[in-house]
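For reference, upload-v4.cif (mmCIF, C-alpha atoms):
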```
data_entry
loop_
_atom_site.group_PDB
_atom_site.id
_atom_site.type_symbol
_atom_site.label_atom_id
_atom_site.label_comp_id
_atom_site.auth_asym_id
_atom_site.auth_seq_id
_atom_site.Cartn_x
_atom_site.Cartn_y
_atom_site.Cartn_z
ATOM 1 C CA MET D 1 1.758 -13.769 5.902
ATOM 2 C CA GLU D 2 4.810 -16.035 5.505
ATOM 3 C CA LEU D 3 7.508 -15.704 8.156
ATOM 4 C CA GLU D 4 9.783 -18.454 6.840
ATOM 5 C CA LEU D 5 11.642 -18.972 3.590
ATOM 6 C CA SER D 6 10.471 -21.714 1.269
ATOM 7 C CA ASP D 7 12.196 -25.086 1.406
ATOM 8 C CA ASP D 8 13.721 -24.422 -2.023
ATOM 9 C CA ALA D 9 15.202 -21.111 -0.882
ATOM 10 C CA ILE D 10 16.594 -22.671 2.288
ATOM 11 C CA GLU D 11 18.222 -25.459 0.282
ATOM 12 C CA TYR D 12 19.663 -22.912 -2.159
ATOM 13 C CA GLY D 13 21.188 -21.084 0.801
ATOM 14 C CA ARG D 14 22.765 -24.341 2.015
ATOM 15 C CA VAL D 15 24.210 -25.010 -1.433
ATOM 16 C CA ALA D 16 25.610 -21.468 -1.552
ATOM 17 C CA ARG D 17 27.198 -21.836 1.883
ATOM 18 C CA ARG D 18 28.895 -25.078 0.858
ATOM 19 C CA ALA D 19 30.132 -23.415 -2.331
ATOM 20 C CA PHE D 20 31.570 -20.458 -0.420
ATOM 21 C CA ASP D 21 33.224 -22.839 2.022
ATOM 22 C CA ALA D 22 34.765 -24.913 -0.774
ATOM 23 C CA ALA D 23 36.052 -21.752 -2.490
ATOM 24 C CA GLY D 24 38.026 -20.731 0.587
ATOM 25 C CA GLY D 25 35.479 -19.789 3.237
ATOM 26 C CA ASP D 26 36.986 -17.519 5.868
ATOM 27 C CA ALA D 27 40.217 -17.141 3.892
ATOM 28 C CA LEU D 28 38.429 -15.182 1.142
ATOM 29 C CA VAL D 29 37.982 -12.031 3.212
ATOM 30 C CA VAL D 30 41.530 -12.232 4.579
ATOM 31 C CA GLU D 31 42.979 -12.368 1.075
ATOM 32 C CA ALA D 32 40.677 -9.652 -0.279
ATOM 33 C CA GLU D 33 41.516 -7.215 2.505
ATOM 34 C CA ALA D 34 45.188 -7.539 1.563
ATOM 35 C CA ASN D 35 44.397 -7.216 -2.158
ATOM 36 C CA PRO D 36 40.937 -5.775 -2.968
ATOM 37 C CA GLN D 37 41.360 -6.649 -6.656
ATOM 38 C CA LEU D 38 40.722 -10.268 -5.667
ATOM 39 C CA ARG D 39 37.106 -9.361 -4.937
ATOM 40 C CA THR D 40 36.238 -9.796 -8.594
ATOM 41 C CA SER D 41 37.017 -13.516 -8.352
ATOM 42 C CA ILE D 42 33.776 -13.970 -6.382
ATOM 43 C CA GLU D 43 31.757 -13.154 -9.523
ATOM 44 C CA ALA D 44 32.563 -16.502 -11.134
ATOM 45 C CA LEU D 45 31.415 -18.308 -8.011
ATOM 46 C CA LEU D 46 28.122 -16.386 -7.976
ATOM 47 C CA ASP D 47 27.628 -17.169 -11.665
ATOM 48 C CA ASP D 48 28.082 -20.867 -10.893
ATOM 49 C CA LEU D 49 25.332 -20.520 -8.305
ATOM 50 C CA GLY D 50 23.027 -18.908 -10.857
ATOM 51 C CA ALA D 51 22.887 -15.613 -8.965
ATOM 52 C CA ARG D 52 23.017 -13.579 -12.168
ATOM 53 C CA ASP D 53 19.675 -15.056 -13.249
ATOM 54 C CA LEU D 54 17.751 -14.359 -10.040
ATOM 55 C CA ASP D 55 14.844 -11.981 -10.632
ATOM 56 C CA VAL D 56 14.482 -10.195 -7.301
ATOM 57 C CA ARG D 57 11.822 -7.753 -8.495
ATOM 58 C CA ASP D 58 9.213 -9.851 -10.249
ATOM 59 C CA SER D 59 9.610 -13.345 -8.818
ATOM 60 C CA PRO D 60 8.754 -13.822 -5.112
ATOM 61 C CA SER D 61 10.427 -17.237 -5.033
ATOM 62 C CA GLU D 62 13.642 -15.905 -6.544
ATOM 63 C CA LEU D 63 13.624 -12.982 -4.111
ATOM 64 C CA GLU D 64 13.611 -15.562 -1.316
ATOM 65 C CA ALA D 65 16.510 -17.385 -2.971
ATOM 66 C CA ALA D 66 18.398 -14.081 -3.165
ATOM 67 C CA ALA D 67 17.796 -13.471 0.552
ATOM 68 C CA ALA D 68 19.123 -16.950 1.367
ATOM 69 C CA LEU D 69 22.186 -16.297 -0.808
ATOM 70 C CA CYS D 70 22.878 -12.999 1.001
ATOM 71 C CA ARG D 71 22.607 -14.761 4.353
ATOM 72 C CA SER D 72 25.099 -17.421 3.288
ATOM 73 C CA ALA D 73 27.481 -14.733 2.036
ATOM 74 C CA GLY D 74 27.291 -12.981 5.395
ATOM 75 C CA TYR D 75 28.079 -16.235 7.199
ATOM 76 C CA PHE D 76 31.598 -16.164 5.714
ATOM 77 C CA ALA D 77 31.856 -12.346 5.452
ATOM 78 C CA ILE D 78 32.236 -12.822 1.683
ATOM 79 C CA PRO D 79 34.220 -9.775 0.470
ATOM 80 C CA TYR D 80 31.795 -8.861 -2.290
ATOM 81 C CA PRO D 81 28.610 -6.745 -2.345
ATOM 82 C CA VAL D 82 26.308 -9.690 -3.055
ATOM 83 C CA ALA D 83 23.085 -7.930 -2.062
ATOM 84 C CA GLU D 84 23.952 -4.837 -4.095
ATOM 85 C CA ARG D 85 24.747 -7.025 -7.110
ATOM 86 C CA LEU D 86 21.427 -8.837 -6.854
ATOM 87 C CA CYS D 87 19.566 -5.493 -6.687
ATOM 88 C CA ARG D 88 21.108 -4.128 -9.880
ATOM 89 C CA ILE D 89 18.951 -2.820 -12.693
ATOM 90 C CA GLN D 90 19.553 -3.631 -16.348
ATOM 91 C CA GLY D 91 22.675 -2.002 -17.742
ATOM 92 C CA MET D 92 24.226 -1.392 -14.325
ATOM 93 C CA ASP D 93 26.540 -3.504 -12.179
ATOM 94 C CA GLY D 94 25.001 -2.911 -8.776
ATOM 95 C CA MET D 95 22.505 -0.832 -6.822
ATOM 96 C CA VAL D 96 23.222 0.816 -3.496
ATOM 97 C CA VAL D 97 21.190 3.025 -1.168
ATOM 98 C CA VAL D 98 23.215 6.102 -0.233
ATOM 99 C CA GLU D 99 23.104 8.924 2.258
ATOM 100 C CA ASP D 100 22.741 12.249 0.448
ATOM 101 C CA ARG D 101 25.523 14.198 2.164
ATOM 102 C CA ARG D 102 28.326 11.695 1.534
ATOM 103 C CA PRO D 103 27.372 8.889 -0.847
ATOM 104 C CA GLN D 104 29.570 5.839 -0.377
ATOM 105 C CA ALA D 105 29.603 2.183 -1.419
ATOM 106 C CA PRO D 106 31.770 -0.916 -0.835
ATOM 107 C CA ALA D 107 33.194 -0.476 -4.327
ATOM 108 C CA GLU D 108 36.973 -0.761 -3.862
ATOM 109 C CA GLY D 109 38.549 -3.119 -6.383
ATOM 110 C CA LEU D 110 35.373 -3.260 -8.506
ATOM 111 C CA ASP D 111 35.223 -1.357 -11.784
ATOM 112 C CA TRP D 112 31.462 -0.958 -11.607
ATOM 113 C CA VAL D 113 28.846 1.501 -12.754
ATOM 114 C CA TRP D 114 26.359 1.738 -9.895
ATOM 115 C CA THR D 115 22.796 2.828 -9.496
ATOM 116 C CA ALA D 116 22.743 4.932 -6.333
ATOM 117 C CA VAL D 117 19.383 5.599 -4.718
ATOM 118 C CA GLY D 118 19.050 8.435 -2.224
ATOM 119 C CA LEU D 119 16.836 8.117 0.830
ATOM 120 C CA GLY D 120 14.545 10.724 -0.679
ATOM 121 C CA GLY D 121 13.916 8.551 -3.739
ATOM 122 C CA SER D 122 16.289 10.219 -6.231
ATOM 123 C CA ARG D 123 18.248 7.892 -8.495
ATOM 124 C CA PHE D 124 21.789 8.511 -9.733
ATOM 125 C CA ARG D 125 24.365 6.940 -11.968
ATOM 126 C CA ALA D 126 27.420 6.473 -9.783
ATOM 127 C CA GLN D 127 31.065 5.486 -9.994
ATOM 128 C CA ALA D 128 33.860 5.290 -7.460
ATOM 129 C CA ALA D 129 35.411 8.691 -6.840
ATOM 130 C CA GLY D 130 38.849 7.371 -5.948
ATOM 131 C CA SER D 131 40.784 4.637 -4.235
ATOM 132 C CA GLY D 132 39.518 2.759 -1.212
ATOM 133 C CA SER D 133 39.677 3.579 2.455
ATOM 134 C CA THR D 134 43.080 4.183 3.988
ATOM 135 C CA THR D 135 41.782 2.462 7.129
ATOM 136 C CA PRO D 136 40.532 -0.948 5.934
ATOM 137 C CA LYS D 137 40.185 -2.155 9.503
ATOM 138 C CA THR D 138 37.432 0.377 10.160
ATOM 139 C CA SER D 139 35.849 0.854 6.719
ATOM 140 C CA PRO D 140 36.621 -2.196 4.554
ATOM 141 C CA PHE D 141 36.340 -1.617 0.799
ATOM 142 C CA VAL D 142 34.384 1.661 1.207
ATOM 143 C CA VAL D 143 34.872 4.462 -1.326
ATOM 144 C CA ASP D 144 33.133 7.763 -2.050
ATOM 145 C CA LEU D 145 30.890 7.934 -5.096
ATOM 146 C CA ASP D 146 30.522 10.517 -7.848
ATOM 147 C CA LEU D 147 26.829 10.925 -8.680
ATOM 148 C CA GLU D 148 25.102 11.857 -11.914
ATOM 149 C CA PRO D 149 21.351 12.567 -11.496
ATOM 150 C CA MET D 150 18.952 10.314 -13.386
ATOM 151 C CA ASP D 151 15.324 10.122 -12.204
ATOM 152 C CA ARG D 152 13.257 9.014 -9.246
ATOM 153 C CA VAL D 153 12.467 5.523 -8.029
ATOM 154 C CA ASP D 154 9.501 3.732 -6.552
ATOM 155 C CA PRO D 155 9.644 3.220 -2.754
ATOM 156 C CA LEU D 156 9.770 -0.541 -3.426
ATOM 157 C CA GLU D 157 13.193 -0.028 -5.027
ATOM 158 C CA LEU D 158 14.401 1.705 -1.888
ATOM 159 C CA ALA D 159 12.945 -1.060 0.239
ATOM 160 C CA LEU D 160 14.714 -3.725 -1.816
ATOM 161 C CA GLY D 161 18.039 -1.922 -1.431
ATOM 162 C CA VAL D 162 17.589 -1.814 2.349
ATOM 163 C CA VAL D 163 16.203 -5.321 2.948
ATOM 164 C CA LEU D 164 18.719 -7.562 1.162
ATOM 165 C CA PRO D 165 21.803 -6.152 2.968
ATOM 166 C CA CYS D 166 19.982 -6.861 6.251
ATOM 167 C CA TRP D 167 19.826 -10.511 5.195
ATOM 168 C CA THR D 168 23.586 -10.394 4.711
ATOM 169 C CA LEU D 169 23.974 -8.956 8.208
ATOM 170 C CA LEU D 170 21.765 -11.757 9.537
ATOM 171 C CA GLY D 171 24.329 -14.210 8.144
ATOM 172 C CA PHE D 172 27.073 -12.404 10.067
ATOM 173 C CA LEU D 173 25.066 -12.802 13.264
ATOM 174 C CA ASP D 174 24.363 -16.486 12.563
ATOM 175 C CA ARG D 175 28.101 -17.117 12.461
ATOM 176 C CA ALA D 176 28.944 -14.898 15.440
ATOM 177 C CA VAL D 177 26.479 -16.761 17.676
ATOM 178 C CA GLU D 178 27.687 -20.127 16.377
ATOM 179 C CA LEU D 179 31.341 -19.263 17.017
ATOM 180 C CA THR D 180 30.570 -17.983 20.500
ATOM 181 C CA ARG D 181 28.561 -21.051 21.415
ATOM 182 C CA SER D 182 31.434 -23.294 20.314
ATOM 183 C CA HIS D 183 33.971 -21.156 22.171
ATOM 184 C CA VAL D 184 32.241 -21.341 25.541
ATOM 185 C CA LYS D 185 31.745 -25.092 25.178
ATOM 186 C CA GLU D 186 35.437 -25.658 24.494
ATOM 187 C CA ARG D 187 36.978 -23.250 27.025
ATOM 188 C CA HIS D 188 37.123 -24.256 30.672
ATOM 189 C CA GLN D 189 37.293 -22.182 33.845
ATOM 190 C CA PHE D 190 37.343 -23.450 37.422
ATOM 191 C CA GLY D 191 37.342 -26.995 36.075
ATOM 192 C CA ALA D 192 34.139 -26.646 34.036
ATOM 193 C CA PRO D 193 33.178 -25.397 30.544
ATOM 194 C CA LEU D 194 32.360 -21.703 30.346
ATOM 195 C CA ALA D 195 28.985 -22.733 28.929
ATOM 196 C CA SER D 196 28.035 -24.212 32.313
ATOM 197 C CA LEU D 197 28.213 -20.809 34.032
ATOM 198 C CA GLN D 198 24.828 -19.179 34.534
ATOM 199 C CA GLY D 199 26.058 -15.711 33.575
ATOM 200 C CA VAL D 200 27.425 -17.054 30.284
ATOM 201 C CA GLN D 201 24.141 -18.821 29.575
ATOM 202 C CA PHE D 202 22.232 -15.583 30.141
ATOM 203 C CA GLU D 203 24.501 -13.682 27.730
ATOM 204 C CA LEU D 204 24.215 -16.377 25.047
ATOM 205 C CA THR D 205 20.444 -16.409 25.424
ATOM 206 C CA GLU D 206 20.313 -12.642 24.912
ATOM 207 C CA ALA D 207 22.352 -12.942 21.717
ATOM 208 C CA GLU D 208 20.217 -15.787 20.393
ATOM 209 C CA VAL D 209 16.964 -13.973 21.137
ATOM 210 C CA GLU D 210 18.229 -10.958 19.181
ATOM 211 C CA ARG D 211 19.286 -13.156 16.265
ATOM 212 C CA VAL D 212 16.017 -15.098 16.093
ATOM 213 C CA GLY D 213 13.963 -11.919 16.429
ATOM 214 C CA LEU D 214 15.855 -10.368 13.545
ATOM 215 C CA GLU D 215 15.204 -13.463 11.417
ATOM 216 C CA VAL D 216 11.453 -13.109 11.949
ATOM 217 C CA LEU D 217 11.515 -9.411 11.034
ATOM 218 C CA ALA D 218 13.686 -10.115 7.971
ATOM 219 C CA ASN D 219 11.098 -12.597 6.727
ATOM 220 C CA HIS D 220 8.312 -10.101 7.378
ATOM 221 C CA ALA D 221 10.096 -7.363 5.411
ATOM 222 C CA LEU D 222 10.702 -9.831 2.579
ATOM 223 C CA TRP D 223 7.004 -10.735 2.531
ATOM 224 C CA SER D 224 6.165 -7.028 2.455
ATOM 225 C CA LEU D 225 8.326 -6.666 -0.658
ATOM 226 C CA GLN D 226 6.886 -9.761 -2.295
ATOM 227 C CA THR D 227 3.330 -8.503 -1.887
ATOM 228 C CA GLY D 228 4.161 -4.935 -2.957
ATOM 229 C CA ARG D 229 2.785 -3.375 0.216
ATOM 230 C CA THR D 230 2.698 0.404 0.293
ATOM 231 C CA ALA D 231 4.377 0.168 3.702
ATOM 232 C CA ALA D 232 7.285 -1.898 2.331
ATOM 233 C CA PHE D 233 9.828 0.919 2.736
ATOM 234 C CA GLN D 234 8.694 1.530 6.310
ATOM 235 C CA ASP D 235 8.985 -2.193 7.008
ATOM 236 C CA ALA D 236 12.469 -2.140 5.489
ATOM 237 C CA LEU D 237 13.538 0.733 7.736
ATOM 238 C CA GLY D 238 12.062 -1.048 10.730
ATOM 239 C CA LEU D 239 14.068 -4.124 9.775
ATOM 240 C CA ARG D 240 17.275 -2.108 9.447
ATOM 241 C CA SER D 241 16.737 -0.500 12.829
ATOM 242 C CA ALA D 242 16.228 -3.929 14.411
ATOM 243 C CA ALA D 243 19.205 -5.362 12.521
ATOM 244 C CA LEU D 244 21.551 -2.682 13.821
ATOM 245 C CA GLU D 245 20.308 -3.170 17.378
ATOM 246 C CA ALA D 246 20.694 -6.943 17.065
ATOM 247 C CA ALA D 247 24.199 -6.614 15.615
ATOM 248 C CA GLU D 248 25.240 -4.393 18.503
ATOM 249 C CA ALA D 249 23.908 -6.890 21.047
ATOM 250 C CA VAL D 250 25.255 -10.030 19.359
ATOM 251 C CA PHE D 251 28.761 -8.712 18.772
ATOM 252 C CA ARG D 252 28.863 -7.285 22.302
ATOM 253 C CA VAL D 253 28.127 -10.723 23.719
ATOM 254 C CA ALA D 254 30.458 -12.458 21.278
ATOM 255 C CA HIS D 255 33.403 -10.211 22.140
ATOM 256 C CA LEU D 256 32.621 -10.359 25.856
ATOM 257 C CA LEU D 257 32.680 -14.163 25.910
ATOM 258 C CA HIS D 258 35.665 -14.510 23.571
ATOM 259 C CA GLY D 259 37.687 -12.053 25.609
ATOM 260 C CA ALA D 260 40.804 -10.457 24.104
ATOM 261 C CA SER D 261 41.160 -13.243 21.529
ATOM 262 C CA GLY D 262 38.018 -12.014 19.780
ATOM 263 C CA PHE D 263 39.854 -8.857 18.710
ATOM 264 C CA CYS D 264 42.861 -10.676 17.227
ATOM 265 C CA ASP D 265 43.157 -11.395 13.514
ATOM 266 C CA GLU D 266 43.727 -15.045 14.377
ATOM 267 C CA SER D 267 40.066 -15.157 15.434
ATOM 268 C CA THR D 268 37.297 -15.499 12.847
ATOM 269 C CA LEU D 269 35.110 -13.357 15.075
ATOM 270 C CA SER D 270 37.467 -10.430 14.594
ATOM 271 C CA TRP D 271 37.004 -10.546 10.812
ATOM 272 C CA LEU D 272 33.250 -10.920 11.084
ATOM 273 C CA SER D 273 32.943 -8.018 13.497
ATOM 274 C CA ARG D 274 35.150 -5.727 11.427
ATOM 275 C CA HIS D 275 33.551 -6.464 8.070
ATOM 276 C CA SER D 276 30.028 -6.186 9.432
ATOM 277 C CA ARG D 277 30.730 -2.502 10.013
ATOM 278 C CA THR D 278 30.259 -1.628 6.364
ATOM 279 C CA ILE D 279 26.643 -2.795 6.396
ATOM 280 C CA ARG D 280 26.066 -1.356 9.849
ATOM 281 C CA ARG D 281 27.425 2.061 8.842
ATOM 282 C CA LEU D 282 26.109 2.447 5.279
ATOM 283 C CA PRO D 283 23.951 4.129 4.241
ATOM 284 C CA MET D 284 23.255 5.273 7.817
ATOM 285 C CA GLY D 285 23.681 4.252 11.423
ATOM 286 C CA LEU D 286 21.050 3.434 13.992
ATOM 287 C CA SER D 287 20.113 6.952 15.103
ATOM 288 C CA GLN D 288 19.677 8.205 11.530
ATOM 289 C CA THR D 289 17.735 5.079 10.561
ATOM 290 C CA ARG D 290 15.343 5.760 13.416
ATOM 291 C CA ALA D 291 15.020 9.410 12.398
ATOM 292 C CA VAL D 292 14.204 8.522 8.771
ATOM 293 C CA LEU D 293 11.727 5.892 9.948
ATOM 294 C CA ALA D 294 10.039 8.399 12.264
ATOM 295 C CA ARG D 295 9.635 10.861 9.376
ATOM 296 C CA GLN D 296 8.196 8.111 7.191
ATOM 297 C CA LEU D 297 5.704 7.021 9.821
ATOM 298 C CA GLY D 298 4.503 10.430 10.919
ATOM 299 C CA THR D 299 1.865 9.746 13.562
ATOM 300 C CA SER D 300 1.073 6.190 12.405
ATOM 301 C CA PRO D 301 2.887 3.313 14.139
ATOM 302 C CA LEU D 302 4.573 0.431 12.346
ATOM 303 C CA GLU D 303 2.153 -2.389 11.685
ATOM 304 C CA GLY D 304 4.886 -5.007 11.932
ATOM 305 C CA ILE D 305 3.995 -8.691 11.910
ATOM 306 C CA PHE D 306 0.670 -7.957 13.623
ATOM 307 C CA ALA D 307 -1.209 -7.121 10.434
ATOM 308 C CA HIS D 308 -4.942 -6.498 10.156
ATOM 309 C CA PRO D 309 -6.915 -9.682 9.495
ATOM 310 C CA GLY D 310 -7.689 -8.571 5.948
ATOM 311 C CA ASP D 311 -3.985 -8.341 5.083
ATOM 312 C CA ARG D 312 -3.152 -11.907 6.071
#
```
Could I get this structure in the form of structure tokens?
Amino acid sequence: MELELSDDAIEYGRVARRAFDAAGGDALVVEAEANPQLRTSIEALLDDLGARDLDVRDSPSELEAAAALCRSAGYFAIPYPVAERLCRIQGMDGMVVVEDRRPQAPAEGLDWVWTAVGLGGSRFRAQAAGSGSTTPKTSPFVVDLDLEPMDRVDPLELALGVVLPCWTLLGFLDRAVELTRSHVKERHQFGAPLASLQGVQFELTEAEVERVGLEVLANHALWSLQTGRTAAFQDALGLRSAALEAAEAVFRVAHLLHGASGFCDESTLSWLSRHSRTIRRLPMGLSQTRAVLARQLGTSPLEGIFAHPGDR
């Protein structure tokens, strides 16, 4: 079992992060929120990175590269559904996992034909049903979808559609912890940096433990996909559950230690926190993720990273 990305995938992620930074970095999401049509400009950047050629289904090494790319996109809250683009099937523009009662996707400003996959395994051809959210500060770029039934999908397809967005969310948490660490080092109180206060150190440690734990689980779920395990969808749901818990903990700490400034648009943390909500809300929140996982597991517990010796 591999619980780390390959050196090539890690380097690809670094290259992608530098490319996103050079293209505008944090300014990209600010500009796209004001004008969602600008989201399409990210496609040329992804093409330059070779993202269009990544085979996430049949090449384990390229799946790792895709995960690293998603993580780098999350680091800057790139206003483009990178994971959903990488998951697309031939003839479609993107693939998204949807909740059956109200299928939605971050599709505003993108004239795409989507593959929508329901949690029960049904596959649909989907297009945006209208304009984007009237409340971009709570649901950035989210639109309802019109669905046309197609066929059913393998559980591995569902797992893929759940796992890669979690890698994007991991990138959000990387940046949130980094920003918070820098903030408490720079700000002083009672004549000393905030970082020197024991209570602050405890909070930062909690956030970092959550982030590192999520990274381990993300690698495990990726390995499960690469090896085609029958439990891959269960592992993906377990990863999503952990990712949502980690996001809640990390952003709680980040906002606590930033104070009121962390909620202002002048703060990068504010943009990260707001735009992470799309991944955290779609296709389902924490309680529903747990409920779906419980139904999938029945009376058998998750195996997790503690696999049987024969599976290693």
Point-to-point distance in Å for CA of Ala19 in chain D and CA of Arg85 in chain D: 17.9 Å
Go through D:Tyr80, D:Phe190, D:Trp167, D:Phe263 and flag the residue nearest Glu64 in chain D, using all atoms listed in the file for the distances. D:Trp167
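If all atoms listed in the file are the atoms counted, then among D:Ala221, D:Leu272, D:Ala65, D:Leu286 the closest residue to Asp26 in chain D is D:Leu272.
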For the contact check between range 267-301 of chain D and range 112-121 of chain D, emit one row per residue of range 267-301 of chain D within 12 Å, containing the shortest atom pair and the distance in Å rounded to one decimal, counting only C-alpha atoms, chain then rising number order, as CSV.
```
residue,atom,partner,partner_atom,distance
D:Leu282,CA,D:Leu119,CA,11.7
D:Pro283,CA,D:Leu119,CA,8.8
D:Met284,CA,D:Leu119,CA,9.9
D:Gln288,CA,D:Leu119,CA,11.1
D:Thr289,CA,D:Leu119,CA,10.2
D:Ala291,CA,D:Leu119,CA,11.8
D:Val292,CA,D:Leu119,CA,8.4
D:Leu293,CA,D:Leu119,CA,10.7
D:Arg295,CA,D:Gly120,CA,11.2
D:Gln296,CA,D:Gly120,CA,10.4
```
Using the chain letters and numbers from this file, what does the PyMOL selection byres ((chain D and resi 84) around 12) select? Give the answer as a ChimeraX atom specification. /D:51-52,56,66-67,70,80-83,85-89,92-98,105-107,112-117,157-158,160-168,279
Name the residues that the PyMOL selection byres ((chain D and resi 109) around 6) pulls out of this structure, and write them as number ranges by chain. D: 36-37, 108, 110
Give me, as a Markdown table, each residue of range 182-288 of chain D that comes within 8 Å of range 138-156 of chain D, together with its shortest interatomic pair and the distance in Å at one decimal, counting all atoms listed in the file, with rows ordered by chain and rising residue number.
```
| residue | atom | partner | partner_atom | distance |
| --- | --- | --- | --- | --- |
| D:Leu225 | CA | D:Leu156 | CA | 6.9 |
| D:Gly228 | CA | D:Leu156 | CA | 7.1 |
| D:Ala232 | CA | D:Leu156 | CA | 6.4 |
| D:Phe233 | CA | D:Pro155 | CA | 6.0 |
| D:Arg274 | CA | D:Thr138 | CA | 6.6 |
| D:His275 | CA | D:Pro140 | CA | 6.3 |
| D:Arg277 | CA | D:Ser139 | CA | 7.0 |
| D:Thr278 | CA | D:Ser139 | CA | 6.1 |
```
Prev. selection, C-alpha atoms, output as a compact mmCIF listing (two decimals), keeping the file's coordinate frame:
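Below is the file that was written, result_25.txt:
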```txt
# COMPACT_ATOMS: atom_id res chain seq x y z
CA LEU D 225 8.33 -6.67 -0.66
CA GLY D 228 4.16 -4.93 -2.96
CA ALA D 232 7.28 -1.90 2.33
CA PHE D 233 9.83 0.92 2.74
CA ARG D 274 35.15 -5.73 11.43
CA HIS D 275 33.55 -6.46 8.07
CA ARG D 277 30.73 -2.50 10.01
CA THR D 278 30.26 -1.63 6.36
```
List every protein, DNA or RNA residue that has an atom no more than 12 Å from (27.3, -10.7, 20.3) in the file's coordinate frame, counting all atoms listed in the file, and report them as an mmCIF file with C-alpha atoms, in the frame of the given file.
```cif
data_model
loop_
_atom_site.group_PDB
_atom_site.id
_atom_site.type_symbol
_atom_site.label_atom_id
_atom_site.label_comp_id
_atom_site.auth_asym_id
_atom_site.auth_seq_id
_atom_site.Cartn_x
_atom_site.Cartn_y
_atom_site.Cartn_z
ATOM 1 C CA PHE D 172 27.073 -12.404 10.067
ATOM 2 C CA LEU D 173 25.066 -12.802 13.264
ATOM 3 C CA ASP D 174 24.363 -16.486 12.563
ATOM 4 C CA ARG D 175 28.101 -17.117 12.461
ATOM 5 C CA ALA D 176 28.944 -14.898 15.440
ATOM 6 C CA VAL D 177 26.479 -16.761 17.676
ATOM 7 C CA GLU D 178 27.687 -20.127 16.377
ATOM 8 C CA LEU D 179 31.341 -19.263 17.017
ATOM 9 C CA THR D 180 30.570 -17.983 20.500
ATOM 10 C CA ARG D 181 28.561 -21.051 21.415
ATOM 11 C CA VAL D 200 27.425 -17.054 30.284
ATOM 12 C CA GLU D 203 24.501 -13.682 27.730
ATOM 13 C CA LEU D 204 24.215 -16.377 25.047
ATOM 14 C CA THR D 205 20.444 -16.409 25.424
ATOM 15 C CA GLU D 206 20.313 -12.642 24.912
ATOM 16 C CA ALA D 207 22.352 -12.942 21.717
ATOM 17 C CA GLU D 208 20.217 -15.787 20.393
ATOM 18 C CA VAL D 209 16.964 -13.973 21.137
ATOM 19 C CA GLU D 210 18.229 -10.958 19.181
ATOM 20 C CA ARG D 211 19.286 -13.156 16.265
ATOM 21 C CA LEU D 244 21.551 -2.682 13.821
ATOM 22 C CA GLU D 245 20.308 -3.170 17.378
ATOM 23 C CA ALA D 246 20.694 -6.943 17.065
ATOM 24 C CA ALA D 247 24.199 -6.614 15.615
ATOM 25 C CA GLU D 248 25.240 -4.393 18.503
ATOM 26 C CA ALA D 249 23.908 -6.890 21.047
ATOM 27 C CA VAL D 250 25.255 -10.030 19.359
ATOM 28 C CA PHE D 251 28.761 -8.712 18.772
ATOM 29 C CA ARG D 252 28.863 -7.285 22.302
ATOM 30 C CA VAL D 253 28.127 -10.723 23.719
ATOM 31 C CA ALA D 254 30.458 -12.458 21.278
ATOM 32 C CA HIS D 255 33.403 -10.211 22.140
ATOM 33 C CA LEU D 256 32.621 -10.359 25.856
ATOM 34 C CA LEU D 257 32.680 -14.163 25.910
ATOM 35 C CA HIS D 258 35.665 -14.510 23.571
ATOM 36 C CA GLY D 259 37.687 -12.053 25.609
ATOM 37 C CA GLY D 262 38.018 -12.014 19.780
ATOM 38 C CA LEU D 269 35.110 -13.357 15.075
ATOM 39 C CA SER D 270 37.467 -10.430 14.594
ATOM 40 C CA LEU D 272 33.250 -10.920 11.084
ATOM 41 C CA SER D 273 32.943 -8.018 13.497
#
```
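Nearest residue to Ala195 in chain D among D:Gln234, D:Ser182, D:Asp55, D:Gln127 is D:Ser182, counting all atoms listed in the file.
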What's the separation between CA of Gln226 in chain D and CA of Ala126 in chain D, in Å to one decimal place?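 Value for the CA of Gln226 in chain D-CA of Ala126 in chain D distance: 27.2 Å.
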Within 12 Å of Glu4 in chain D using only C-alpha atoms, minus same-chain residues under 5 positions, as an MDAnalysis selection string: chainID D and resid 9:10 61 64:65 67:68 212 215:223
Take the residues that were just selected and, keeping C-alpha atoms, output them as a short mmCIF file (atom, residue, chain, number, x, y, z; two decimals), in the coordinates of the input.
```cif
data_model
loop_
_atom_site.label_atom_id
_atom_site.label_comp_id
_atom_site.auth_asym_id
_atom_site.auth_seq_id
_atom_site.Cartn_x
_atom_site.Cartn_y
_atom_site.Cartn_z
CA ALA D 9 15.20 -21.11 -0.88
CA ILE D 10 16.59 -22.67 2.29
CA SER D 61 10.43 -17.24 -5.03
CA GLU D 64 13.61 -15.56 -1.32
CA ALA D 65 16.51 -17.39 -2.97
CA ALA D 67 17.80 -13.47 0.55
CA ALA D 68 19.12 -16.95 1.37
CA VAL D 212 16.02 -15.10 16.09
CA GLU D 215 15.20 -13.46 11.42
CA VAL D 216 11.45 -13.11 11.95
CA LEU D 217 11.52 -9.41 11.03
CA ALA D 218 13.69 -10.12 7.97
CA ASN D 219 11.10 -12.60 6.73
CA HIS D 220 8.31 -10.10 7.38
CA ALA D 221 10.10 -7.36 5.41
CA LEU D 222 10.70 -9.83 2.58
CA TRP D 223 7.00 -10.74 2.53
#
```
So, counting all atoms listed in the file, which residue among D:Asp100, D:His183, D:Tyr12, D:Arg17 is closest to Ser267 in chain D? D:His183
Residue nearest Asp111 in chain D among D:Ser72, D:Arg39, D:Trp271, D:Phe20 (counting all atoms listed in the file):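 Distance minimum relative to Asp111 in chain D lands on D:Arg39.
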Select, from D:Gly24, D:Ser6, D:Arg101, D:Gly91, the residue with the minimum atom-to-atom distance to Arg125 in chain D, counting all atoms listed in the file.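 Of D:Gly24, D:Ser6, D:Arg101, D:Gly91, the one nearest Arg125 in chain D is D:Gly91, counting all atoms listed in the file.
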